[in-house]
Structures are given as C-alpha cells and as structure tokens.
>>> print(open('my_file38.cif').read())   # mmCIF, N, CA and C atoms
data_upload
#
loop_
_atom_site.label_atom_id
_atom_site.label_comp_id
_atom_site.auth_asym_id
_atom_site.auth_seq_id
_atom_site.Cartn_x
_atom_site.Cartn_y
_atom_site.Cartn_z
N MET A 1 0.84 -1.17 0.00
CA MET A 1 0.00 0.00 0.00
C MET A 1 0.89 1.24 0.00
N THR A 2 0.58 2.18 -0.89
CA THR A 2 1.38 3.40 -0.97
C THR A 2 0.70 4.51 -0.19
N GLU A 3 1.51 5.34 0.37
CA GLU A 3 1.01 6.46 1.15
C GLU A 3 0.71 7.64 0.23
N GLU A 4 -0.41 8.34 0.44
CA GLU A 4 -0.77 9.49 -0.38
C GLU A 4 0.12 10.67 -0.01
N ILE A 5 0.60 11.34 -1.03
CA ILE A 5 1.45 12.52 -0.83
C ILE A 5 0.53 13.72 -0.61
N PRO A 6 0.72 14.45 0.49
CA PRO A 6 -0.17 15.59 0.77
C PRO A 6 0.10 16.77 -0.17
N ASN A 7 -0.89 17.63 -0.27
CA ASN A 7 -0.75 18.87 -1.03
C ASN A 7 0.14 19.80 -0.22
N LEU A 8 1.25 20.20 -0.79
CA LEU A 8 2.22 21.04 -0.09
C LEU A 8 2.11 22.53 -0.44
N TRP A 9 1.19 22.85 -1.32
CA TRP A 9 1.04 24.24 -1.75
C TRP A 9 0.24 25.05 -0.72
N PRO A 10 0.50 26.37 -0.63
CA PRO A 10 -0.23 27.21 0.34
C PRO A 10 -1.73 27.23 0.02
N SER A 11 -2.52 27.35 1.04
CA SER A 11 -3.98 27.34 0.87
C SER A 11 -4.52 28.66 0.34
N ASP A 12 -3.71 29.71 0.33
CA ASP A 12 -4.22 31.00 -0.13
C ASP A 12 -3.91 31.30 -1.59
N ILE A 13 -3.53 30.30 -2.37
CA ILE A 13 -3.35 30.50 -3.81
C ILE A 13 -4.73 30.62 -4.43
N SER A 14 -4.91 31.67 -5.24
CA SER A 14 -6.21 31.94 -5.84
C SER A 14 -6.00 32.37 -7.29
N ILE A 15 -6.97 32.08 -8.12
CA ILE A 15 -6.86 32.51 -9.53
C ILE A 15 -7.37 33.93 -9.73
N SER A 16 -7.93 34.55 -8.71
CA SER A 16 -8.48 35.90 -8.84
C SER A 16 -7.53 36.97 -8.31
N ILE A 17 -6.25 36.80 -8.55
CA ILE A 17 -5.23 37.76 -8.12
C ILE A 17 -5.20 38.94 -9.08
N VAL A 18 -5.08 40.15 -8.53
CA VAL A 18 -4.97 41.36 -9.36
C VAL A 18 -3.58 41.97 -9.21
N SER A 19 -3.17 42.66 -10.23
CA SER A 19 -1.83 43.26 -10.24
C SER A 19 -1.82 44.56 -9.45
N PRO A 20 -0.64 45.01 -9.05
CA PRO A 20 -0.53 46.30 -8.36
C PRO A 20 -1.10 47.46 -9.18
N VAL A 21 -0.84 47.49 -10.48
CA VAL A 21 -1.33 48.62 -11.29
C VAL A 21 -2.86 48.61 -11.36
N ALA A 22 -3.49 47.45 -11.37
CA ALA A 22 -4.96 47.39 -11.37
C ALA A 22 -5.51 47.94 -10.06
N ILE A 23 -4.87 47.60 -8.95
CA ILE A 23 -5.30 48.12 -7.64
C ILE A 23 -5.12 49.63 -7.59
N LEU A 24 -3.98 50.12 -8.07
CA LEU A 24 -3.71 51.56 -8.07
C LEU A 24 -4.71 52.31 -8.94
N ASN A 25 -5.00 51.80 -10.13
CA ASN A 25 -5.95 52.47 -11.02
C ASN A 25 -7.35 52.52 -10.41
N GLN A 26 -7.73 51.47 -9.73
CA GLN A 26 -9.04 51.46 -9.08
C GLN A 26 -9.11 52.52 -7.98
N GLN A 27 -8.04 52.65 -7.20
CA GLN A 27 -8.01 53.66 -6.14
C GLN A 27 -7.97 55.07 -6.73
N ALA A 28 -7.28 55.22 -7.85
CA ALA A 28 -7.24 56.54 -8.52
C ALA A 28 -8.64 56.98 -8.92
N SER A 29 -9.43 56.09 -9.46
CA SER A 29 -10.79 56.47 -9.87
C SER A 29 -11.67 56.76 -8.66
N ARG A 30 -11.40 56.13 -7.55
CA ARG A 30 -12.20 56.38 -6.34
C ARG A 30 -11.96 57.77 -5.76
N LEU A 31 -10.73 58.29 -5.89
CA LEU A 31 -10.47 59.65 -5.38
C LEU A 31 -11.31 60.66 -6.15
N ARG A 32 -11.40 60.48 -7.45
CA ARG A 32 -12.22 61.39 -8.28
C ARG A 32 -13.68 61.36 -7.83
N GLU A 33 -14.19 60.15 -7.56
CA GLU A 33 -15.57 60.01 -7.08
C GLU A 33 -15.76 60.72 -5.73
N LEU A 34 -14.83 60.48 -4.80
CA LEU A 34 -14.94 61.05 -3.45
C LEU A 34 -14.92 62.57 -3.44
N THR A 35 -14.16 63.15 -4.37
CA THR A 35 -14.02 64.61 -4.39
C THR A 35 -14.87 65.26 -5.48
N ARG A 36 -15.79 64.49 -6.05
CA ARG A 36 -16.68 64.98 -7.12
C ARG A 36 -15.91 65.65 -8.25
N GLY A 37 -14.77 65.07 -8.57
CA GLY A 37 -13.98 65.55 -9.69
C GLY A 37 -13.05 66.70 -9.39
N LEU A 38 -13.08 67.23 -8.18
CA LEU A 38 -12.17 68.34 -7.86
C LEU A 38 -10.72 67.88 -7.83
N LEU A 39 -10.51 66.64 -7.38
CA LEU A 39 -9.17 66.06 -7.41
C LEU A 39 -9.23 64.77 -8.22
N GLU A 40 -8.14 64.51 -8.88
CA GLU A 40 -8.00 63.26 -9.63
C GLU A 40 -6.71 62.60 -9.18
N ALA A 41 -6.61 61.34 -9.46
CA ALA A 41 -5.35 60.65 -9.23
C ALA A 41 -4.98 59.98 -10.54
N ARG A 42 -3.69 59.90 -10.76
CA ARG A 42 -3.19 59.29 -11.98
C ARG A 42 -2.08 58.32 -11.60
N VAL A 43 -2.03 57.22 -12.28
CA VAL A 43 -0.95 56.25 -12.13
C VAL A 43 -0.10 56.36 -13.39
N LYS A 44 1.09 56.89 -13.22
CA LYS A 44 2.00 57.10 -14.33
C LYS A 44 3.01 55.95 -14.34
N SER A 45 2.89 55.06 -15.32
CA SER A 45 3.73 53.87 -15.37
C SER A 45 4.83 54.02 -16.41
N SER A 46 5.98 53.45 -16.09
CA SER A 46 7.11 53.50 -17.02
C SER A 46 8.07 52.36 -16.70
N LEU A 47 8.99 52.15 -17.60
CA LEU A 47 10.06 51.18 -17.38
C LEU A 47 11.30 51.97 -17.00
N SER A 48 11.82 51.72 -15.80
CA SER A 48 12.98 52.50 -15.33
C SER A 48 14.26 52.00 -15.99
N THR A 49 15.32 52.76 -15.79
CA THR A 49 16.60 52.41 -16.41
C THR A 49 17.17 51.10 -15.88
N ASN A 50 16.76 50.70 -14.68
CA ASN A 50 17.24 49.42 -14.13
C ASN A 50 16.32 48.25 -14.53
N GLY A 51 15.37 48.52 -15.42
CA GLY A 51 14.51 47.47 -15.94
C GLY A 51 13.27 47.17 -15.11
N MET A 52 13.04 47.91 -14.05
CA MET A 52 11.87 47.68 -13.21
C MET A 52 10.67 48.46 -13.76
N ARG A 53 9.48 47.89 -13.61
CA ARG A 53 8.24 48.58 -13.97
C ARG A 53 7.88 49.49 -12.79
N THR A 54 7.76 50.79 -13.05
CA THR A 54 7.52 51.78 -12.00
C THR A 54 6.15 52.42 -12.19
N HIS A 55 5.44 52.61 -11.08
CA HIS A 55 4.12 53.25 -11.09
C HIS A 55 4.15 54.42 -10.10
N GLN A 56 4.04 55.63 -10.61
CA GLN A 56 4.01 56.84 -9.78
C GLN A 56 2.55 57.19 -9.52
N PHE A 57 2.16 57.29 -8.24
CA PHE A 57 0.78 57.64 -7.90
C PHE A 57 0.74 59.14 -7.62
N GLN A 58 -0.01 59.86 -8.44
CA GLN A 58 -0.06 61.32 -8.35
C GLN A 58 -1.48 61.80 -8.05
N ILE A 59 -1.57 62.83 -7.23
CA ILE A 59 -2.85 63.51 -6.97
C ILE A 59 -2.81 64.80 -7.78
N ILE A 60 -3.86 65.02 -8.56
CA ILE A 60 -3.89 66.15 -9.48
C ILE A 60 -5.04 67.08 -9.14
N ALA A 61 -4.71 68.37 -9.00
CA ALA A 61 -5.71 69.42 -8.83
C ALA A 61 -5.71 70.24 -10.12
N GLN A 62 -6.57 69.87 -11.06
CA GLN A 62 -6.61 70.53 -12.37
C GLN A 62 -6.86 72.04 -12.22
N ALA A 63 -7.76 72.41 -11.32
CA ALA A 63 -8.11 73.83 -11.14
C ALA A 63 -6.92 74.66 -10.70
N LEU A 64 -5.95 74.02 -10.07
CA LEU A 64 -4.76 74.72 -9.58
C LEU A 64 -3.54 74.48 -10.47
N ASP A 65 -3.71 73.64 -11.49
CA ASP A 65 -2.59 73.23 -12.34
C ASP A 65 -1.45 72.69 -11.48
N TYR A 66 -1.80 71.77 -10.59
CA TYR A 66 -0.85 71.26 -9.59
C TYR A 66 -0.93 69.73 -9.51
N THR A 67 0.24 69.11 -9.43
CA THR A 67 0.34 67.66 -9.28
C THR A 67 1.22 67.34 -8.09
N TYR A 68 0.74 66.43 -7.25
CA TYR A 68 1.48 66.01 -6.06
C TYR A 68 1.82 64.53 -6.20
N ASP A 69 3.11 64.20 -6.13
CA ASP A 69 3.55 62.81 -6.18
C ASP A 69 3.43 62.21 -4.78
N LEU A 70 2.47 61.31 -4.59
CA LEU A 70 2.22 60.75 -3.27
C LEU A 70 3.19 59.62 -2.94
N PHE A 71 3.38 58.69 -3.87
CA PHE A 71 4.31 57.58 -3.67
C PHE A 71 4.58 56.92 -5.02
N ARG A 72 5.53 56.00 -5.01
CA ARG A 72 5.76 55.21 -6.21
C ARG A 72 5.92 53.75 -5.81
N ALA A 73 5.60 52.88 -6.74
CA ALA A 73 5.72 51.45 -6.52
C ALA A 73 6.45 50.86 -7.73
N TRP A 74 7.25 49.84 -7.49
CA TRP A 74 7.92 49.20 -8.61
C TRP A 74 8.06 47.70 -8.38
N HIS A 75 8.20 47.00 -9.51
CA HIS A 75 8.33 45.55 -9.48
C HIS A 75 9.00 45.09 -10.76
N ASP A 76 9.42 43.85 -10.77
CA ASP A 76 9.96 43.23 -11.96
C ASP A 76 8.87 43.23 -13.04
N PRO A 77 9.20 43.50 -14.30
CA PRO A 77 8.16 43.54 -15.33
C PRO A 77 7.45 42.20 -15.53
N ASN A 78 8.12 41.10 -15.21
CA ASN A 78 7.51 39.78 -15.39
C ASN A 78 6.88 39.21 -14.13
N LEU A 79 7.29 39.71 -12.98
CA LEU A 79 6.77 39.24 -11.70
C LEU A 79 6.26 40.45 -10.92
N VAL A 80 4.95 40.63 -10.87
CA VAL A 80 4.41 41.85 -10.27
C VAL A 80 4.45 41.83 -8.74
N TYR A 81 4.67 40.68 -8.15
CA TYR A 81 4.88 40.56 -6.70
C TYR A 81 6.20 39.85 -6.48
N PRO A 82 7.00 40.31 -5.52
CA PRO A 82 6.71 41.41 -4.60
C PRO A 82 6.79 42.76 -5.31
N VAL A 83 6.06 43.71 -4.75
CA VAL A 83 6.09 45.08 -5.23
C VAL A 83 6.67 45.94 -4.09
N THR A 84 7.59 46.82 -4.45
CA THR A 84 8.18 47.73 -3.48
C THR A 84 7.45 49.06 -3.55
N VAL A 85 7.09 49.60 -2.41
CA VAL A 85 6.42 50.89 -2.34
C VAL A 85 7.35 51.85 -1.61
N GLU A 86 7.51 53.02 -2.19
CA GLU A 86 8.37 54.05 -1.60
C GLU A 86 7.56 55.34 -1.48
N TRP A 87 7.60 55.93 -0.30
CA TRP A 87 6.89 57.19 -0.06
C TRP A 87 7.87 58.21 0.47
N SER A 88 7.43 59.46 0.46
CA SER A 88 8.32 60.55 0.87
C SER A 88 8.59 60.49 2.36
N GLU A 89 9.66 61.12 2.73
CA GLU A 89 10.04 61.21 4.15
C GLU A 89 8.94 61.88 4.96
N TRP A 90 8.24 62.81 4.33
CA TRP A 90 7.15 63.52 4.99
C TRP A 90 6.06 62.56 5.44
N LEU A 91 5.76 61.54 4.63
CA LEU A 91 4.76 60.54 5.00
C LEU A 91 5.27 59.59 6.07
N SER A 92 6.57 59.37 6.12
CA SER A 92 7.14 58.39 7.05
C SER A 92 6.84 58.69 8.50
N GLY A 93 6.66 59.97 8.83
CA GLY A 93 6.36 60.33 10.21
C GLY A 93 5.11 59.67 10.74
N ASN A 94 4.13 59.46 9.87
CA ASN A 94 2.87 58.86 10.28
C ASN A 94 2.84 57.36 10.00
N ILE A 95 3.46 56.96 8.92
CA ILE A 95 3.40 55.56 8.50
C ILE A 95 4.47 54.73 9.19
N GLY A 96 5.60 55.33 9.45
CA GLY A 96 6.70 54.60 10.06
C GLY A 96 7.61 54.03 9.01
N ASP A 97 8.43 53.12 9.43
CA ASP A 97 9.42 52.48 8.56
C ASP A 97 10.38 53.52 8.00
N ASP A 98 11.13 53.13 7.01
CA ASP A 98 12.15 54.03 6.46
C ASP A 98 11.74 54.65 5.13
N GLY A 99 10.48 54.51 4.77
CA GLY A 99 10.01 55.08 3.51
C GLY A 99 9.87 54.08 2.39
N THR A 100 10.24 52.83 2.61
CA THR A 100 10.02 51.77 1.62
C THR A 100 9.54 50.50 2.32
N GLN A 101 8.71 49.78 1.60
CA GLN A 101 8.23 48.51 2.14
C GLN A 101 7.86 47.58 0.99
N LEU A 102 8.10 46.30 1.20
CA LEU A 102 7.74 45.27 0.22
C LEU A 102 6.37 44.70 0.53
N ALA A 103 5.60 44.43 -0.52
CA ALA A 103 4.33 43.72 -0.38
C ALA A 103 4.44 42.47 -1.25
N TYR A 104 4.25 41.32 -0.64
CA TYR A 104 4.42 40.05 -1.34
C TYR A 104 3.13 39.50 -1.93
N SER A 105 2.02 40.17 -1.66
CA SER A 105 0.72 39.69 -2.15
C SER A 105 -0.21 40.89 -2.31
N PRO A 106 -1.31 40.70 -3.04
CA PRO A 106 -2.28 41.79 -3.16
C PRO A 106 -2.81 42.25 -1.80
N SER A 107 -3.05 41.33 -0.88
CA SER A 107 -3.59 41.74 0.42
C SER A 107 -2.58 42.59 1.19
N GLN A 108 -1.30 42.25 1.12
CA GLN A 108 -0.28 43.08 1.78
C GLN A 108 -0.19 44.45 1.11
N PHE A 109 -0.30 44.47 -0.22
CA PHE A 109 -0.23 45.72 -0.97
C PHE A 109 -1.42 46.62 -0.61
N ILE A 110 -2.61 46.05 -0.54
CA ILE A 110 -3.81 46.80 -0.20
C ILE A 110 -3.70 47.35 1.22
N THR A 111 -3.20 46.57 2.15
CA THR A 111 -3.03 47.03 3.53
C THR A 111 -2.06 48.20 3.58
N LEU A 112 -0.96 48.11 2.85
CA LEU A 112 0.02 49.19 2.81
C LEU A 112 -0.58 50.45 2.19
N LEU A 113 -1.31 50.30 1.09
CA LEU A 113 -1.95 51.46 0.45
C LEU A 113 -2.96 52.11 1.38
N GLN A 114 -3.72 51.30 2.10
CA GLN A 114 -4.70 51.83 3.03
C GLN A 114 -4.01 52.69 4.09
N THR A 115 -2.87 52.22 4.58
CA THR A 115 -2.09 52.98 5.56
C THR A 115 -1.64 54.32 4.98
N ILE A 116 -1.18 54.31 3.74
CA ILE A 116 -0.73 55.55 3.09
C ILE A 116 -1.91 56.48 2.85
N PHE A 117 -2.99 55.96 2.25
CA PHE A 117 -4.14 56.81 1.90
C PHE A 117 -4.82 57.39 3.14
N GLN A 118 -4.84 56.65 4.24
CA GLN A 118 -5.54 57.12 5.43
C GLN A 118 -4.62 57.84 6.42
N SER A 119 -3.38 58.05 6.04
CA SER A 119 -2.45 58.74 6.94
C SER A 119 -2.83 60.21 7.09
N SER A 120 -2.45 60.78 8.19
CA SER A 120 -2.70 62.21 8.44
C SER A 120 -2.07 63.07 7.37
N GLN A 121 -0.90 62.69 6.91
CA GLN A 121 -0.20 63.48 5.90
C GLN A 121 -0.95 63.48 4.57
N THR A 122 -1.44 62.31 4.15
CA THR A 122 -2.20 62.26 2.89
C THR A 122 -3.48 63.06 3.01
N LYS A 123 -4.16 62.93 4.15
CA LYS A 123 -5.38 63.71 4.35
C LYS A 123 -5.08 65.20 4.35
N SER A 124 -3.94 65.59 4.89
CA SER A 124 -3.53 66.99 4.90
C SER A 124 -3.35 67.51 3.47
N VAL A 125 -2.72 66.72 2.62
CA VAL A 125 -2.53 67.11 1.22
C VAL A 125 -3.89 67.30 0.55
N ILE A 126 -4.78 66.32 0.72
CA ILE A 126 -6.10 66.39 0.09
C ILE A 126 -6.90 67.57 0.61
N HIS A 127 -6.90 67.76 1.93
CA HIS A 127 -7.63 68.90 2.51
C HIS A 127 -7.07 70.23 2.02
N SER A 128 -5.76 70.33 1.95
CA SER A 128 -5.13 71.57 1.49
C SER A 128 -5.51 71.88 0.05
N LEU A 129 -5.45 70.87 -0.80
CA LEU A 129 -5.79 71.09 -2.21
C LEU A 129 -7.26 71.45 -2.37
N LEU A 130 -8.14 70.76 -1.65
CA LEU A 130 -9.57 71.08 -1.74
C LEU A 130 -9.85 72.50 -1.23
N ALA A 131 -9.20 72.89 -0.15
CA ALA A 131 -9.38 74.25 0.38
C ALA A 131 -8.92 75.29 -0.63
N ARG A 132 -7.78 75.05 -1.25
CA ARG A 132 -7.27 76.00 -2.25
C ARG A 132 -8.19 76.08 -3.46
N ILE A 133 -8.74 74.94 -3.88
CA ILE A 133 -9.69 74.94 -5.00
C ILE A 133 -10.94 75.72 -4.61
N ASN A 134 -11.46 75.46 -3.42
CA ASN A 134 -12.65 76.18 -2.96
C ASN A 134 -12.39 77.68 -2.87
N ASP A 135 -11.23 78.06 -2.37
CA ASP A 135 -10.88 79.48 -2.29
C ASP A 135 -10.81 80.11 -3.68
N SER A 136 -10.28 79.39 -4.63
CA SER A 136 -10.13 79.94 -5.99
C SER A 136 -11.47 80.07 -6.69
N GLN A 137 -12.48 79.36 -6.22
CA GLN A 137 -13.80 79.43 -6.85
C GLN A 137 -14.67 80.54 -6.29
N ILE A 138 -14.20 81.18 -5.23
CA ILE A 138 -14.94 82.31 -4.68
C ILE A 138 -14.69 83.52 -5.58
N SER A 139 -15.74 84.04 -6.15
CA SER A 139 -15.56 85.19 -7.05
C SER A 139 -15.46 86.47 -6.21
N GLN A 140 -14.96 87.50 -6.84
CA GLN A 140 -14.81 88.78 -6.15
C GLN A 140 -16.15 89.31 -5.67
N SER A 141 -17.23 89.00 -6.39
CA SER A 141 -18.55 89.50 -5.97
C SER A 141 -19.05 88.82 -4.71
N ASP A 142 -18.52 87.66 -4.39
CA ASP A 142 -18.92 86.95 -3.20
C ASP A 142 -18.22 87.46 -1.94
N LEU A 143 -17.15 88.20 -2.13
CA LEU A 143 -16.40 88.70 -0.99
C LEU A 143 -17.11 89.90 -0.39
N PRO A 144 -17.06 90.04 0.94
CA PRO A 144 -17.72 91.21 1.57
C PRO A 144 -17.01 92.50 1.16
N VAL A 145 -17.80 93.51 0.99
CA VAL A 145 -17.25 94.82 0.63
C VAL A 145 -17.04 95.60 1.92
N THR A 146 -15.82 96.12 2.07
CA THR A 146 -15.53 96.94 3.25
C THR A 146 -15.62 98.41 2.86
N PRO A 147 -16.27 99.21 3.67
CA PRO A 147 -16.39 100.64 3.33
C PRO A 147 -15.03 101.33 3.36
N PRO A 148 -14.88 102.35 2.51
CA PRO A 148 -13.57 103.08 2.48
C PRO A 148 -13.31 103.87 3.73
#
>>> encode(input="my_file38.cif", output="structure tokens")
Amino acid sequence: MTEEIPNLWPSDISISIVSPVAILNQQASRLRELTRGLLEARVKSSLSTNGMRTHQFQIIAQALDYTYDLFRAWHDPNLVYPVTVEWSEWLSGNIGDDGTQLAYSPSQFITLLQTIFQSSQTKSVIHSLLARINDSQISQSDLPVTPP
C-alpha cells in the first residue's frame, strides 16, 4: 500500500489575483468620485533604467494646475509581486518604517496602500488642495465689501 502525498502548496493560492497597477488604477478612480472631480489621481507607469516597472501615484488638482507625487511602486516587469512601495520622508512620520516597504501579495499591498491613503499626511494634502480649489472658486462679488 502506498502512502498518499499531501498537497504542499499554500492554501491562499487563488486565480483571482490582481496586479498592483490594477489596484492603483481602481483607487485613482475612487479619489475622483470622493471629491466629485475636484481632485483626480493618476498612475504614471514607465520602465525604469534598471529594468523595473515603476508606477508613480499622483494627486492632481486641475483647477490649480498642480500635481502632487504621493508615492511610487515598482516591481519586476515579469513578476508583479513582490512590489516595493516608496513614499516621501514627509509621510514616514505617520506611516513609520524608512520610507520603503515590500508587499508580497495583493492583500499586503492593499493594507500598505490603506495605511498611506488614510495617513494624516495624505489627508492633509487632500484637505489643502480642496481648500485651495474652494478658495479659488470664490468670485470677487462673493467677498464682503468693506467701506472706504
């Protein structure tokens, strides 16, 4: 009688895995929805000189002609995981770490993005841009007139 060989593969292998760029693009479209189009996000992808696929996540305030680079992520062009995420030193104060972190799976990547998007620093950027857009939309006729 032969002994059955057990399945040695991890139980969390799934065929419904999404790539980092798909996750980033979905989050970019959600920012536009949340801000009713006042802010947009763009994922700018390129192949870097070291051969890595790079995705720059940018917040765009069209009304201000302003773009803010929030973070970038990169991975091997043939293997999208692990993906390395790098954010500015300014964000590190709230997120921790040294400004870079590896995500080995979509769930780790989503958790890391959630930390970045919900950080005080990211909210500060969004609030600042929205306030500036709102200020720029106030016409001169809406301002109180002060007597001479």
>>> select_by_dssp(input="my_file38.cif", residues="range 20-117 of chain A", states="strand (DSSP E or B)", output="VMD selection string")
chain A and resid 40 to 47 53 to 61 66 to 75 83 to 87 100 to 103
>>> atom_distance(input="my_file38.cif", atom1="atom C of Thr49 in chain A", atom2="atom C of Val80 in chain A")
17.3 Å
>>> axis_aligned_box(input="my_file38.cif", around="range 114-124 of chain A", padding_each_side="6 Å", output="JSON")
{"center_x": -2.9, "center_y": 59.4, "center_z": 5.2, "size_x": 17.3, "size_y": 28.2, "size_z": 18.5}
>>> resolve_selection(input="my_file38.cif", expression="the PyMOL selection byres ((chain A and resi 59-71) around 5)", output="VMD selection string")
chain A and resid 39 to 41 56 to 58 72 to 73 86 to 87
>>> resolve_selection(input="my_file38.cif", expression="the PyMOL selection byres (((chain A and resi 112 and name CA) around 12) and name CA)", output="number ranges by chain")
A: 20, 23-24, 71, 73, 83-87, 95-97, 99-111, 113-119
>>> closest_residue(input="my_file38.cif", among="A:His55, A:Thr35, A:Asn7, A:Asn50", to="Val21 in chain A", atoms="only N, CA and C atoms")
A:His55
>>> atom_distance(input="my_file38.cif", atom1="CA of Ser128 in chain A", atom2="atom N of Arg42 in chain A")
17.0 Å
>>> residues_around(input="my_file38.cif", residues="Leu130 in chain A", least_positions_apart="5", cutoff="8 Å", atoms="only N, CA and C atoms", output="mmCIF file with N, CA and C atoms, in the frame of the given file")
data_model
loop_
_atom_site.group_PDB
_atom_site.id
_atom_site.type_symbol
_atom_site.label_atom_id
_atom_site.label_comp_id
_atom_site.auth_asym_id
_atom_site.auth_seq_id
_atom_site.Cartn_x
_atom_site.Cartn_y
_atom_site.Cartn_z
ATOM 1 N N LEU A 38 -13.080 67.230 -8.180
ATOM 2 C CA LEU A 38 -12.170 68.340 -7.860
ATOM 3 C C LEU A 38 -10.720 67.880 -7.830
ATOM 4 N N LEU A 39 -10.510 66.640 -7.380
ATOM 5 C CA LEU A 39 -9.170 66.060 -7.410
ATOM 6 C C LEU A 39 -9.230 64.770 -8.220
ATOM 7 N N ALA A 61 -4.710 68.370 -9.000
ATOM 8 C CA ALA A 61 -5.710 69.420 -8.830
ATOM 9 C C ALA A 61 -5.710 70.240 -10.120
ATOM 10 N N SER A 124 -3.940 65.590 4.890
ATOM 11 C CA SER A 124 -3.530 66.990 4.900
ATOM 12 C C SER A 124 -3.350 67.510 3.470
ATOM 13 N N VAL A 125 -2.720 66.720 2.620
ATOM 14 C CA VAL A 125 -2.530 67.110 1.220
ATOM 15 C C VAL A 125 -3.890 67.300 0.550
ATOM 16 N N ASP A 135 -11.230 78.060 -2.370
ATOM 17 C CA ASP A 135 -10.880 79.480 -2.290
ATOM 18 C C ASP A 135 -10.810 80.110 -3.680
ATOM 19 N N SER A 136 -10.280 79.390 -4.630
ATOM 20 C CA SER A 136 -10.130 79.940 -5.990
ATOM 21 C C SER A 136 -11.470 80.070 -6.690
#
>>> atom_distance(input="my_file38.cif", atom1="atom C of Lys44 in chain A", atom2="atom C of His75 in chain A")
12.9 Å
>>> select_by_dssp(input="my_file38.cif", residues="chain A", states="helix (DSSP H, G or I)", output="VMD selection string")
chain A and resid 20 to 34 62 to 64 89 to 95 106 to 117 120 to 136 140 to 142
>>> residues_around(input="my_file38.cif", residues="Met52 in chain A", least_positions_apart="6", cutoff="7 Å", atoms="only N, CA and C atoms", output="MDAnalysis selection string")
chainID A and resid 46 74:77
>>> closest_residue(input="my_file38.cif", among="A:Leu31, A:Ile17, A:Leu8, A:Leu79", to="Thr122 in chain A", atoms="only C-alpha atoms")
A:Leu31
